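K.L.:
So here's final.csv (CSV, N, CA and C atoms and all ligand atoms).
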chain,number,residue,atom,x,y,z
A,20,MET,N,-109.5,-85.9,-2.5
A,20,MET,CA,-109.4,-84.8,-1.5
A,20,MET,C,-108.3,-85.2,-0.5
A,21,ASP,N,-107.3,-84.3,-0.3
A,21,ASP,CA,-106.3,-84.6,0.7
A,21,ASP,C,-106.8,-84.8,2.1
A,22,LYS,N,-106.2,-85.6,2.9
A,22,LYS,CA,-106.6,-85.8,4.3
A,22,LYS,C,-105.7,-84.9,5.2
A,23,LEU,N,-106.3,-84.4,6.2
A,23,LEU,CA,-105.6,-83.4,7.1
A,23,LEU,C,-106.0,-83.8,8.5
A,24,LEU,N,-104.9,-84.0,9.3
A,24,LEU,CA,-105.1,-84.3,10.7
A,24,LEU,C,-105.3,-82.9,11.5
A,25,VAL,N,-106.3,-82.9,12.3
A,25,VAL,CA,-106.7,-81.6,13.0
A,25,VAL,C,-106.9,-81.8,14.5
A,26,SER,N,-106.4,-80.9,15.3
A,26,SER,CA,-106.8,-81.0,16.7
A,26,SER,C,-108.3,-80.9,16.9
A,27,ALA,N,-108.8,-81.9,17.6
A,27,ALA,CA,-110.3,-82.0,17.7
A,27,ALA,C,-110.9,-80.8,18.4
A,28,CYS,N,-110.1,-80.2,19.4
A,28,CYS,CA,-110.7,-79.0,20.1
A,28,CYS,C,-110.9,-77.9,19.2
A,29,LEU,N,-110.1,-77.7,18.1
A,29,LEU,CA,-110.3,-76.6,17.2
A,29,LEU,C,-111.5,-76.8,16.3
A,30,LEU,N,-112.0,-78.1,16.2
A,30,LEU,CA,-113.2,-78.3,15.4
A,30,LEU,C,-114.4,-78.2,16.3
A,31,GLY,N,-114.3,-78.1,17.6
A,31,GLY,CA,-115.4,-77.9,18.4
A,31,GLY,C,-115.7,-79.0,19.4
A,32,THR,N,-114.8,-80.0,19.5
A,32,THR,CA,-114.9,-81.1,20.4
A,32,THR,C,-114.5,-80.6,21.8
A,33,PRO,N,-115.3,-80.9,22.8
A,33,PRO,CA,-114.9,-80.4,24.2
A,33,PRO,C,-113.9,-81.3,24.9
A,34,CYS,N,-112.7,-81.4,24.3
A,34,CYS,CA,-111.7,-82.3,24.8
A,34,CYS,C,-110.6,-81.7,25.5
A,35,ARG,N,-110.7,-80.4,25.8
A,35,ARG,CA,-109.6,-79.7,26.5
A,35,ARG,C,-109.5,-80.0,28.0
A,36,TYR,N,-108.4,-79.6,28.6
A,36,TYR,CA,-108.2,-79.9,30.0
A,36,TYR,C,-109.4,-79.4,30.9
A,37,ASP,N,-110.0,-78.3,30.4
A,37,ASP,CA,-111.1,-77.7,31.2
A,37,ASP,C,-112.5,-78.2,30.8
A,38,GLY,N,-112.5,-79.2,29.9
A,38,GLY,CA,-113.8,-79.8,29.5
A,38,GLY,C,-114.5,-78.9,28.4
A,39,LYS,N,-113.8,-78.0,27.8
A,39,LYS,CA,-114.3,-77.1,26.8
A,39,LYS,C,-113.6,-77.3,25.5
A,40,SER,N,-114.2,-76.7,24.4
A,40,SER,CA,-113.5,-76.8,23.1
A,40,SER,C,-112.8,-75.5,22.8
A,41,LYS,N,-112.2,-75.4,21.7
A,41,LYS,CA,-111.6,-74.1,21.3
A,41,LYS,C,-111.9,-74.0,19.8
A,42,ALA,N,-113.2,-74.0,19.5
A,42,ALA,CA,-113.6,-74.0,18.1
A,42,ALA,C,-113.0,-72.8,17.4
A,43,ASP,N,-112.5,-73.0,16.2
A,43,ASP,CA,-111.8,-71.9,15.5
A,43,ASP,C,-112.4,-71.9,14.1
A,44,ALA,N,-112.9,-70.7,13.7
A,44,ALA,CA,-113.6,-70.6,12.4
A,44,ALA,C,-112.6,-70.8,11.2
A,45,ARG,N,-111.4,-70.4,11.4
A,45,ARG,CA,-110.4,-70.6,10.3
A,45,ARG,C,-110.1,-72.1,10.1
A,46,VAL,N,-110.2,-72.8,11.1
A,46,VAL,CA,-110.0,-74.3,11.0
A,46,VAL,C,-111.2,-75.0,10.5
A,47,GLN,N,-112.4,-74.6,11.0
A,47,GLN,CA,-113.6,-75.2,10.6
A,47,GLN,C,-113.9,-74.9,9.1
A,48,ALA,N,-113.3,-73.8,8.6
A,48,ALA,CA,-113.5,-73.5,7.2
A,48,ALA,C,-112.8,-74.5,6.3
A,49,LEU,N,-111.9,-75.3,6.9
A,49,LEU,CA,-111.1,-76.3,6.1
A,49,LEU,C,-112.0,-77.5,5.8
A,50,VAL,N,-113.1,-77.7,6.6
A,50,VAL,CA,-113.9,-78.9,6.4
A,50,VAL,C,-114.6,-78.7,5.0
A,51,GLY,N,-114.4,-79.7,4.2
A,51,GLY,CA,-115.0,-79.7,2.8
A,51,GLY,C,-113.8,-79.5,1.8
A,52,LYS,N,-112.8,-78.7,2.3
A,52,LYS,CA,-111.6,-78.6,1.4
A,52,LYS,C,-110.7,-79.7,1.6
A,53,TYR,N,-110.7,-80.3,2.8
A,53,TYR,CA,-109.9,-81.5,3.1
A,53,TYR,C,-110.8,-82.5,3.7
A,54,GLU,N,-110.3,-83.8,3.7
A,54,GLU,CA,-111.0,-84.8,4.5
A,54,GLU,C,-110.3,-84.7,5.9
A,55,ILE,N,-111.1,-84.3,6.8
A,55,ILE,CA,-110.5,-84.0,8.2
A,55,ILE,C,-110.5,-85.3,9.0
A,56,VAL,N,-109.3,-85.5,9.6
A,56,VAL,CA,-109.2,-86.6,10.6
A,56,VAL,C,-108.9,-85.9,12.0
A,57,PRO,N,-110.0,-85.9,12.9
A,57,PRO,CA,-109.8,-85.2,14.2
A,57,PRO,C,-108.9,-86.1,15.1
A,58,VAL,N,-108.2,-85.4,16.0
A,58,VAL,CA,-107.4,-86.1,16.9
A,58,VAL,C,-107.2,-85.3,18.2
A,59,CYS,N,-107.2,-86.0,19.3
A,59,CYS,CA,-106.8,-85.3,20.6
A,59,CYS,C,-105.8,-86.2,21.2
A,60,PRO,N,-104.5,-85.9,21.1
A,60,PRO,CA,-103.4,-86.8,21.6
A,60,PRO,C,-103.6,-87.0,23.1
A,61,GLU,N,-104.0,-86.1,23.9
A,61,GLU,CA,-104.1,-86.3,25.3
A,61,GLU,C,-105.1,-87.3,25.7
A,62,GLN,N,-106.3,-87.2,25.0
A,62,GLN,CA,-107.3,-88.2,25.2
A,62,GLN,C,-106.8,-89.6,24.7
A,63,LEU,N,-106.2,-89.6,23.6
A,63,LEU,CA,-105.7,-90.9,23.0
A,63,LEU,C,-104.7,-91.5,24.0
A,64,GLY,N,-103.9,-90.7,24.7
A,64,GLY,CA,-103.0,-91.2,25.7
A,64,GLY,C,-103.6,-91.7,26.9
A,65,GLY,N,-104.9,-91.5,27.1
A,65,GLY,CA,-105.6,-92.0,28.2
A,65,GLY,C,-105.9,-91.0,29.3
A,66,LEU,N,-105.6,-89.8,29.1
A,66,LEU,CA,-105.9,-88.7,30.1
A,66,LEU,C,-107.4,-88.4,30.1
A,67,PRO,N,-107.9,-88.2,31.3
A,67,PRO,CA,-109.3,-87.9,31.4
A,67,PRO,C,-109.6,-86.4,31.0
A,68,THR,N,-110.9,-86.2,30.7
A,68,THR,CA,-111.4,-84.8,30.4
A,68,THR,C,-112.6,-84.5,31.4
A,69,PRO,N,-112.6,-83.5,32.2
A,69,PRO,CA,-111.4,-82.6,32.3
A,69,PRO,C,-110.2,-83.2,33.0
A,70,ARG,N,-109.1,-82.5,32.9
A,70,ARG,CA,-107.9,-83.0,33.5
A,70,ARG,C,-107.1,-81.9,34.1
A,71,VAL,N,-106.1,-82.2,34.9
A,71,VAL,CA,-105.2,-81.1,35.5
A,71,VAL,C,-104.5,-80.4,34.4
A,72,PRO,N,-104.5,-79.1,34.3
A,72,PRO,CA,-103.8,-78.3,33.3
A,72,PRO,C,-102.3,-78.6,33.4
A,73,SER,N,-101.6,-78.6,32.3
A,73,SER,CA,-100.2,-78.9,32.4
A,73,SER,C,-99.5,-78.0,31.4
A,74,GLU,N,-98.2,-77.7,31.6
A,74,GLU,CA,-97.3,-77.0,30.7
A,74,GLU,C,-96.1,-77.8,30.5
A,75,ARG,N,-95.4,-77.7,29.4
A,75,ARG,CA,-94.2,-78.4,29.2
A,75,ARG,C,-93.0,-77.6,29.7
A,76,ARG,N,-92.2,-78.3,30.5
A,76,ARG,CA,-90.9,-77.7,31.0
A,76,ARG,C,-89.9,-78.8,30.7
A,77,GLY,N,-89.2,-78.7,29.6
A,77,GLY,CA,-88.2,-79.7,29.2
A,77,GLY,C,-89.0,-81.0,29.1
A,78,GLU,N,-88.5,-82.0,29.8
A,78,GLU,CA,-89.2,-83.3,29.7
A,78,GLU,C,-90.2,-83.5,30.8
A,79,ARG,N,-90.5,-82.4,31.6
A,79,ARG,CA,-91.3,-82.6,32.8
A,79,ARG,C,-92.7,-83.1,32.4
A,80,VAL,N,-93.3,-82.5,31.3
A,80,VAL,CA,-94.7,-82.9,31.0
A,80,VAL,C,-94.7,-84.2,30.3
A,81,VAL,N,-93.5,-84.7,29.9
A,81,VAL,CA,-93.5,-85.9,29.1
A,81,VAL,C,-93.7,-87.2,30.0
A,82,THR,N,-94.9,-87.2,30.5
A,82,THR,CA,-95.3,-88.4,31.2
A,82,THR,C,-95.6,-89.5,30.2
A,83,GLU,N,-95.8,-90.7,30.7
A,83,GLU,CA,-96.1,-91.8,29.8
A,83,GLU,C,-97.4,-91.5,29.0
A,84,ALA,N,-98.4,-90.9,29.6
A,84,ALA,CA,-99.7,-90.6,28.9
A,84,ALA,C,-99.4,-89.7,27.7
A,85,TYR,N,-98.6,-88.7,27.9
A,85,TYR,CA,-98.4,-87.7,26.8
A,85,TYR,C,-97.6,-88.4,25.6
A,86,ARG,N,-96.6,-89.2,26.0
A,86,ARG,CA,-95.9,-89.9,25.0
A,86,ARG,C,-96.7,-90.9,24.3
A,87,ARG,N,-97.5,-91.7,25.0
A,87,ARG,CA,-98.5,-92.6,24.4
A,87,ARG,C,-99.4,-91.9,23.4
A,88,GLY,N,-99.9,-90.8,23.9
A,88,GLY,CA,-100.8,-90.0,23.0
A,88,GLY,C,-100.2,-89.5,21.8
A,89,ALA,N,-99.0,-89.1,21.9
A,89,ALA,CA,-98.2,-88.6,20.7
A,89,ALA,C,-98.0,-89.8,19.7
A,90,GLU,N,-97.7,-90.9,20.2
A,90,GLU,CA,-97.4,-92.1,19.3
A,90,GLU,C,-98.7,-92.5,18.7
A,91,ALA,N,-99.8,-92.5,19.4
A,91,ALA,CA,-101.1,-92.9,18.9
A,91,ALA,C,-101.6,-91.9,17.8
A,92,ALA,N,-101.3,-90.6,18.1
A,92,ALA,CA,-101.7,-89.6,17.1
A,92,ALA,C,-100.9,-89.8,15.8
A,93,LEU,N,-99.6,-90.1,16.0
A,93,LEU,CA,-98.7,-90.3,14.8
A,93,LEU,C,-99.2,-91.5,14.0
A,94,ALA,N,-99.6,-92.6,14.7
A,94,ALA,CA,-100.1,-93.8,14.0
A,94,ALA,C,-101.4,-93.5,13.2
A,95,LEU,N,-102.3,-92.7,13.8
A,95,LEU,CA,-103.5,-92.3,13.2
A,95,LEU,C,-103.2,-91.5,11.9
A,96,CYS,N,-102.3,-90.5,12.1
A,96,CYS,CA,-101.8,-89.7,11.0
A,96,CYS,C,-101.3,-90.6,9.8
A,97,GLN,N,-100.4,-91.5,10.1
A,97,GLN,CA,-99.8,-92.3,9.1
A,97,GLN,C,-100.8,-93.3,8.5
A,98,GLN,N,-101.6,-93.9,9.3
A,98,GLN,CA,-102.6,-94.8,8.8
A,98,GLN,C,-103.6,-94.2,7.8
A,99,ASN,N,-103.8,-92.9,8.0
A,99,ASN,CA,-104.7,-92.1,7.1
A,99,ASN,C,-104.0,-91.4,6.0
A,100,GLY,N,-102.7,-91.6,5.9
A,100,GLY,CA,-101.9,-90.9,4.8
A,100,GLY,C,-101.9,-89.4,4.9
A,101,CYS,N,-102.1,-88.8,6.1
A,101,CYS,CA,-102.0,-87.4,6.2
A,101,CYS,C,-100.6,-86.9,6.2
A,102,GLU,N,-100.3,-85.9,5.3
A,102,GLU,CA,-99.0,-85.4,5.3
A,102,GLU,C,-98.8,-84.1,6.0
A,103,ALA,N,-100.0,-83.6,6.5
A,103,ALA,CA,-100.0,-82.3,7.2
A,103,ALA,C,-101.0,-82.4,8.3
A,104,ALA,N,-100.7,-81.5,9.3
A,104,ALA,CA,-101.6,-81.4,10.5
A,104,ALA,C,-101.8,-80.0,10.9
A,105,VAL,N,-103.0,-79.6,11.4
A,105,VAL,CA,-103.3,-78.3,12.0
A,105,VAL,C,-103.5,-78.6,13.4
A,106,LEU,N,-102.7,-78.1,14.3
A,106,LEU,CA,-102.7,-78.4,15.7
A,106,LEU,C,-102.8,-77.2,16.6
A,107,LYS,N,-103.5,-77.3,17.7
A,107,LYS,CA,-103.7,-76.2,18.6
A,107,LYS,C,-102.5,-75.5,19.1
A,108,GLU,N,-102.3,-74.2,18.9
A,108,GLU,CA,-101.1,-73.5,19.3
A,108,GLU,C,-101.0,-73.5,20.8
A,109,LYS,N,-99.8,-73.5,21.3
A,109,LYS,CA,-99.3,-73.3,22.7
A,109,LYS,C,-99.6,-74.5,23.6
A,110,SER,N,-100.2,-75.5,23.1
A,110,SER,CA,-100.5,-76.7,24.0
A,110,SER,C,-99.3,-77.5,24.3
A,111,PRO,N,-99.2,-78.1,25.4
A,111,PRO,CA,-98.0,-79.0,25.7
A,111,PRO,C,-97.9,-80.2,24.8
A,112,SER,N,-99.0,-80.6,24.2
A,112,SER,CA,-99.0,-81.7,23.2
A,112,SER,C,-99.0,-81.1,21.8
A,113,CYS,N,-99.9,-80.2,21.5
A,113,CYS,CA,-100.2,-79.8,20.1
A,113,CYS,C,-99.5,-78.5,19.7
A,114,GLY,N,-98.9,-77.8,20.6
A,114,GLY,CA,-98.3,-76.5,20.3
A,114,GLY,C,-97.1,-76.6,19.3
A,115,CYS,N,-97.0,-75.7,18.4
A,115,CYS,CA,-96.0,-75.8,17.3
A,115,CYS,C,-95.2,-74.4,17.3
A,116,GLY,N,-93.9,-74.5,17.6
A,116,GLY,CA,-93.1,-73.3,17.6
A,116,GLY,C,-93.0,-72.5,18.8
A,117,GLN,N,-94.2,-72.5,19.6
A,117,GLN,CA,-94.2,-71.7,20.8
A,117,GLN,C,-95.1,-72.4,21.8
A,118,ILE,N,-94.6,-72.5,23.0
A,118,ILE,CA,-95.4,-73.2,24.1
A,118,ILE,C,-95.2,-72.4,25.4
A,119,TYR,N,-96.1,-72.6,26.3
A,119,TYR,CA,-95.9,-71.9,27.6
A,119,TYR,C,-94.6,-72.5,28.3
A,120,ASP,N,-94.0,-71.6,29.1
A,120,ASP,CA,-92.7,-72.0,29.6
A,120,ASP,C,-92.6,-72.9,30.8
A,121,GLY,N,-93.8,-73.4,31.3
A,121,GLY,CA,-93.8,-74.4,32.3
A,121,GLY,C,-93.9,-73.8,33.7
A,122,THR,N,-94.0,-72.4,33.8
A,122,THR,CA,-94.2,-71.8,35.1
A,122,THR,C,-95.6,-71.3,35.4
A,123,PHE,N,-96.5,-71.6,34.4
A,123,PHE,CA,-97.9,-71.2,34.6
A,123,PHE,C,-98.1,-69.7,34.8
A,124,SER,N,-97.2,-69.0,34.1
A,124,SER,CA,-97.3,-67.5,34.2
A,124,SER,C,-97.7,-66.9,32.8
A,125,ARG,N,-98.2,-67.7,31.9
A,125,ARG,CA,-98.6,-67.3,30.6
A,125,ARG,C,-97.4,-66.8,29.7
A,126,ARG,N,-96.2,-67.1,30.1
A,126,ARG,CA,-95.1,-66.7,29.3
A,126,ARG,C,-94.8,-67.7,28.3
A,127,LEU,N,-94.5,-67.3,27.1
A,127,LEU,CA,-94.3,-68.2,26.0
A,127,LEU,C,-92.8,-68.3,25.7
A,128,ILE,N,-92.4,-69.5,25.3
A,128,ILE,CA,-91.0,-69.7,24.8
A,128,ILE,C,-91.0,-70.5,23.5
A,129,ALA,N,-89.9,-70.5,22.8
A,129,ALA,CA,-89.8,-71.3,21.6
A,129,ALA,C,-89.8,-72.8,22.0
A,130,GLY,N,-90.5,-73.5,21.2
A,130,GLY,CA,-90.5,-75.0,21.5
A,130,GLY,C,-91.8,-75.6,20.9
A,131,ASP,N,-91.8,-76.9,20.9
A,131,ASP,CA,-92.9,-77.7,20.4
A,131,ASP,C,-93.5,-78.5,21.4
A,132,GLY,N,-94.8,-78.8,21.3
A,132,GLY,CA,-95.5,-79.8,22.2
A,132,GLY,C,-94.9,-81.2,21.9
A,133,VAL,N,-95.3,-82.1,22.7
A,133,VAL,CA,-94.7,-83.5,22.6
A,133,VAL,C,-95.2,-84.2,21.3
A,134,THR,N,-96.4,-84.0,20.9
A,134,THR,CA,-96.9,-84.6,19.7
A,134,THR,C,-96.3,-83.9,18.5
A,135,VAL,N,-96.2,-82.6,18.5
A,135,VAL,CA,-95.6,-81.9,17.4
A,135,VAL,C,-94.1,-82.3,17.2
A,136,GLU,N,-93.4,-82.5,18.3
A,136,GLU,CA,-92.0,-82.9,18.2
A,136,GLU,C,-91.9,-84.2,17.4
A,137,LEU,N,-92.8,-85.1,17.8
A,137,LEU,CA,-92.7,-86.5,17.2
A,137,LEU,C,-93.2,-86.4,15.7
A,138,PHE,N,-94.2,-85.6,15.4
A,138,PHE,CA,-94.7,-85.4,14.0
A,138,PHE,C,-93.5,-84.8,13.1
A,139,LYS,N,-92.9,-83.8,13.6
A,139,LYS,CA,-91.8,-83.2,12.8
A,139,LYS,C,-90.7,-84.2,12.6
A,140,ALA,N,-90.4,-85.0,13.5
A,140,ALA,CA,-89.3,-86.0,13.4
A,140,ALA,C,-89.7,-87.0,12.3
A,141,HIS,N,-91.0,-87.1,12.0
A,141,HIS,CA,-91.4,-88.1,11.0
A,141,HIS,C,-91.9,-87.4,9.7
A,142,GLY,N,-91.5,-86.1,9.6
A,142,GLY,CA,-91.7,-85.4,8.3
A,142,GLY,C,-93.1,-84.9,8.1
A,143,ILE,N,-94.0,-84.9,9.1
A,143,ILE,CA,-95.3,-84.3,9.0
A,143,ILE,C,-95.2,-82.8,9.1
A,144,VAL,N,-95.9,-82.1,8.1
A,144,VAL,CA,-95.9,-80.7,8.1
A,144,VAL,C,-96.9,-80.2,9.2
A,145,VAL,N,-96.5,-79.4,10.1
A,145,VAL,CA,-97.5,-79.0,11.2
A,145,VAL,C,-97.7,-77.4,11.1
A,146,CYS,N,-98.9,-77.0,11.2
A,146,CYS,CA,-99.1,-75.6,11.5
A,146,CYS,C,-100.2,-75.4,12.5
A,147,GLY,N,-100.3,-74.2,13.1
A,147,GLY,CA,-101.3,-73.8,14.1
A,147,GLY,C,-102.5,-73.2,13.4
A,148,GLU,N,-103.5,-72.9,14.3
A,148,GLU,CA,-104.7,-72.3,13.8
A,148,GLU,C,-104.6,-70.9,13.1
A,149,SER,N,-103.5,-70.2,13.5
A,149,SER,CA,-103.4,-68.9,13.0
A,149,SER,C,-102.6,-68.8,11.7
A,150,ASP,N,-102.1,-70.0,11.3
A,150,ASP,CA,-101.4,-69.9,10.0
A,150,ASP,C,-101.8,-71.1,9.0
A,151,VAL,N,-103.1,-71.3,9.0
A,151,VAL,CA,-103.6,-72.4,8.1
A,151,VAL,C,-103.5,-72.0,6.6
A,152,GLU,N,-103.3,-70.7,6.4
A,152,GLU,CA,-103.1,-70.3,5.0
A,152,GLU,C,-101.8,-70.8,4.4
A,153,LYS,N,-100.9,-71.3,5.3
A,153,LYS,CA,-99.6,-71.8,4.8
A,153,LYS,C,-99.8,-73.2,4.2
A,154,LEU,N,-100.9,-73.8,4.4
A,154,LEU,CA,-101.1,-75.2,4.0
A,154,LEU,C,-101.0,-75.3,2.4
B,201,LIG,FE1,-106.8,-79.9,21.8
B,201,LIG,FE2,-104.4,-81.1,21.5
B,201,LIG,FE3,-105.2,-80.4,23.9
B,201,LIG,FE4,-106.4,-82.4,22.7
B,201,LIG,S1,-104.3,-82.3,23.3
B,201,LIG,S2,-107.4,-80.7,23.8
B,201,LIG,S3,-106.4,-81.7,20.6
B,201,LIG,S4,-104.7,-79.0,22.2
Rewrite the structure from the file as C-alpha cells, please.
Ligand code: SF4
P.N.:
Amino acid sequence: MDKLLVSACLLGTPCRYDGKSKADARVQALVGKYEIVPVCPEQLGGLPTPRVPSERRGERVVTEAYRRGAEAALALCQQNGCEAAVLKEKSPSCGCGQIYDGTFSRRLIAGDGVTVELFKAHGIVVCGESDVEKL
C-alpha cells in the first residue's frame, strides 16, 4: 500500500490555530486505500495550539517556526517514502495553489504555503482536500 502524507487537521486532529480540526470526509475516505502519515507542520515547527492566526504575505509569515515545520514535514515525508501529500487548502503552511493574501480580508491569491513550496521544490506531488481524485 502506498504511503500518503496528510494534513492532520483534515483527518480530525484538533491542531488548527483555533484549537479545532477540519475533518474532511473526502480525505478520511483515503484511510485504508493508503497508509496515512499525518502531519501538522506548524505544530512540528514548535508553534502552540491554539495559536495566533496568520496569513502569508510574501516572506512575512516565514518565521523560523514555519520554516522549521516545513523542513520537519519534508523529512517525515521522505523518511516514509511518501511521493504525494494531501494538504489543507488556503493555509499559510499547507495551502496549495491558493492562499489568503495576507490582509486578513478572506481574499485569495495565487501562491503556496511555506510547506507546500518546499515539498514542490523536492518533487512531492501535492493536492488539496477538494482534488483528492487527482491522486
Ligand atoms: Fe492543518 Fe497544516 Fe494548519 Fe497543521 S499547519 S493545522 S496540518 S493546515
K.L.:
Within 6.5 Å of ligand LIG 201 (chain B), counting only N, CA and C atoms and all ligand atoms: which residues, as a VMD selection string?
P.N.:
chain A and resid 25 to 29 34 to 36 58 to 62 106 to 108 110 to 114
K.L.:
Show me the residues around (-106.8, -93.9, 21.7) - criterion: an atom at most 12 Å away, only C-alpha atoms counted - as a VMD selection string.
P.N.:
chain A and resid 57 to 67 84 to 85 87 to 95
K.L.:
Out of A:Arg79, A:Glu102, A:Glu148, A:Gln47, which residue has the shortest atom-to-atom distance to A:Thr32 when counting only C-alpha atoms?
P.N.:
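Ranked by minimum distance to A:Thr32, first place goes to A:Gln47.
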K.L.:
If you measure from atom C of A:Gln97 to atom C of A:Lys109, what distance in Å do you get, rounded to one decimal?
P.N.:
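Those two atoms sit 24.1 Å apart.
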K.L.:
Tell me, in Å to one decimal, how far atom N of A:Leu137 is from atom C of A:Gly51.
P.N.:
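The value is 27.0 Å.
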K.L.:
DSSP on the backbone: what in chain A comes out helix (DSSP H, G or I), as a ChimeraX atom specification?
P.N.:
/A:27-30,44-47,60-63,83-98,133-140,148-153
K.L.:
Please work out which residues fall within 8 Å of (-111.4, -76.2, 33.0), coordinates as given in the file, with all atoms listed in the file counting, and return them as a PDB file with N, CA and C atoms, in the frame of the given file.
P.N.:
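Generated output (part.pdb):
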ATOM      1  N   ARG A  35    -110.700 -80.400  25.800  1.00  0.00           N
ATOM      2  CA  ARG A  35    -109.600 -79.700  26.500  1.00  0.00           C
ATOM      3  C   ARG A  35    -109.500 -80.000  28.000  1.00  0.00           C
ATOM      4  N   TYR A  36    -108.400 -79.600  28.600  1.00  0.00           N
ATOM      5  CA  TYR A  36    -108.200 -79.900  30.000  1.00  0.00           C
ATOM      6  C   TYR A  36    -109.400 -79.400  30.900  1.00  0.00           C
ATOM      7  N   ASP A  37    -110.000 -78.300  30.400  1.00  0.00           N
ATOM      8  CA  ASP A  37    -111.100 -77.700  31.200  1.00  0.00           C
ATOM      9  C   ASP A  37    -112.500 -78.200  30.800  1.00  0.00           C
ATOM     10  N   GLY A  38    -112.500 -79.200  29.900  1.00  0.00           N
ATOM     11  CA  GLY A  38    -113.800 -79.800  29.500  1.00  0.00           C
ATOM     12  C   GLY A  38    -114.500 -78.900  28.400  1.00  0.00           C
ATOM     13  N   LYS A  39    -113.800 -78.000  27.800  1.00  0.00           N
ATOM     14  CA  LYS A  39    -114.300 -77.100  26.800  1.00  0.00           C
ATOM     15  C   LYS A  39    -113.600 -77.300  25.500  1.00  0.00           C
ATOM     16  N   PRO A  69    -112.600 -83.500  32.200  1.00  0.00           N
ATOM     17  CA  PRO A  69    -111.400 -82.600  32.300  1.00  0.00           C
ATOM     18  C   PRO A  69    -110.200 -83.200  33.000  1.00  0.00           C
ATOM     19  N   ARG A  70    -109.100 -82.500  32.900  1.00  0.00           N
ATOM     20  CA  ARG A  70    -107.900 -83.000  33.500  1.00  0.00           C
ATOM     21  C   ARG A  70    -107.100 -81.900  34.100  1.00  0.00           C
ATOM     22  N   PRO A  72    -104.500 -79.100  34.300  1.00  0.00           N
ATOM     23  CA  PRO A  72    -103.800 -78.300  33.300  1.00  0.00           C
ATOM     24  C   PRO A  72    -102.300 -78.600  33.400  1.00  0.00           C
TER      25      PRO A  72
END
K.L.:
In Å, with one decimal, what is the gap from atom N of A:Gly100 to atom C of A:Lys153?
P.N.:
18.7 Å
K.L.:
Enumerate the residues of chain A with a DSSP assignment of strand (DSSP E), computed from the backbone, and present them as a list in words.
P.N.:
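Result set for chain A (strand (DSSP E)): Lys22, Leu23, Leu24, Val25, Ser26, Glu54, Ile55, Val56, Pro57, Val58, Ala103, Ala104, Val105, Gln117, Ile118, Tyr119, Leu127, Ile128, Ala129, Val144, Val145 and Cys146 of chain A.
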K.L.:
Compile the contact shell of A:Ala104 as an mmCIF file with N, CA and C atoms, in the frame of the given file: residues with an atom at most 7 Å away, counting only C-alpha atoms, same-chain residues fewer than 2 positions apart removed.
P.N.:
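Generated output (result.cif):
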data_model
loop_
_atom_site.group_PDB
_atom_site.id
_atom_site.type_symbol
_atom_site.label_atom_id
_atom_site.label_comp_id
_atom_site.auth_asym_id
_atom_site.auth_seq_id
_atom_site.Cartn_x
_atom_site.Cartn_y
_atom_site.Cartn_z
ATOM 1 N N LEU A 23 -106.300 -84.400 6.200
ATOM 2 C CA LEU A 23 -105.600 -83.400 7.100
ATOM 3 C C LEU A 23 -106.000 -83.800 8.500
ATOM 4 N N LEU A 24 -104.900 -84.000 9.300
ATOM 5 C CA LEU A 24 -105.100 -84.300 10.700
ATOM 6 C C LEU A 24 -105.300 -82.900 11.500
ATOM 7 N N VAL A 25 -106.300 -82.900 12.300
ATOM 8 C CA VAL A 25 -106.700 -81.600 13.000
ATOM 9 C C VAL A 25 -106.900 -81.800 14.500
ATOM 10 N N LEU A 106 -102.700 -78.100 14.300
ATOM 11 C CA LEU A 106 -102.700 -78.400 15.700
ATOM 12 C C LEU A 106 -102.800 -77.200 16.600
ATOM 13 N N VAL A 144 -95.900 -82.100 8.100
ATOM 14 C CA VAL A 144 -95.900 -80.700 8.100
ATOM 15 C C VAL A 144 -96.900 -80.200 9.200
ATOM 16 N N VAL A 145 -96.500 -79.400 10.100
ATOM 17 C CA VAL A 145 -97.500 -79.000 11.200
ATOM 18 C C VAL A 145 -97.700 -77.400 11.100
ATOM 19 N N CYS A 146 -98.900 -77.000 11.200
ATOM 20 C CA CYS A 146 -99.100 -75.600 11.500
ATOM 21 C C CYS A 146 -100.200 -75.400 12.500
#
K.L.:
Got a sec: who's within 12 Å of A:Leu127, counting only C-alpha atoms, leaving out chain neighbours fewer than 3 positions off, as number ranges by chain?
P.N.:
A: 74-76, 108-111, 114-124, 130-131
K.L.:
Nearest to A:Tyr53: which of A:Arg126, A:Lys22, A:Lys41, A:His141 is it, counting only N, CA and C atoms?
P.N.:
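Checking each candidate against A:Tyr53, we get A:Lys22 as the closest.
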K.L.:
Missing atoms in stretch 128-133 of chain A should be modelled up to N, CA, C and O atoms and reported as a PDB file, in the coordinates of the input.
P.N.:
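Writing done, so here's out-v8.pdb:
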ATOM      1  N   ILE A 128     -92.400 -69.500  25.300  1.00  0.00           N
ATOM      2  CA  ILE A 128     -91.000 -69.700  24.800  1.00  0.00           C
ATOM      3  C   ILE A 128     -91.000 -70.500  23.500  1.00  0.00           C
ATOM      4  O   ILE A 128     -92.021 -71.083  23.179  1.00  0.00           O
ATOM      5  N   ALA A 129     -89.900 -70.500  22.800  1.00  0.00           N
ATOM      6  CA  ALA A 129     -89.800 -71.300  21.600  1.00  0.00           C
ATOM      7  C   ALA A 129     -89.800 -72.800  22.000  1.00  0.00           C
ATOM      8  O   ALA A 129     -89.141 -73.163  22.951  1.00  0.00           O
ATOM      9  N   GLY A 130     -90.500 -73.500  21.200  1.00  0.00           N
ATOM     10  CA  GLY A 130     -90.500 -75.000  21.500  1.00  0.00           C
ATOM     11  C   GLY A 130     -91.800 -75.600  20.900  1.00  0.00           C
ATOM     12  O   GLY A 130     -92.667 -74.920  20.412  1.00  0.00           O
ATOM     13  N   ASP A 131     -91.800 -76.900  20.900  1.00  0.00           N
ATOM     14  CA  ASP A 131     -92.900 -77.700  20.400  1.00  0.00           C
ATOM     15  C   ASP A 131     -93.500 -78.500  21.400  1.00  0.00           C
ATOM     16  O   ASP A 131     -92.852 -78.978  22.366  1.00  0.00           O
ATOM     17  N   GLY A 132     -94.800 -78.800  21.300  1.00  0.00           N
ATOM     18  CA  GLY A 132     -95.500 -79.800  22.200  1.00  0.00           C
ATOM     19  C   GLY A 132     -94.900 -81.200  21.900  1.00  0.00           C
ATOM     20  O   GLY A 132     -94.260 -81.441  20.843  1.00  0.00           O
ATOM     21  N   VAL A 133     -95.300 -82.100  22.700  1.00  0.00           N
ATOM     22  CA  VAL A 133     -94.700 -83.500  22.600  1.00  0.00           C
ATOM     23  C   VAL A 133     -95.200 -84.200  21.300  1.00  0.00           C
ATOM     24  O   VAL A 133     -94.351 -84.805  20.633  1.00  0.00           O
TER      25      VAL A 133
END
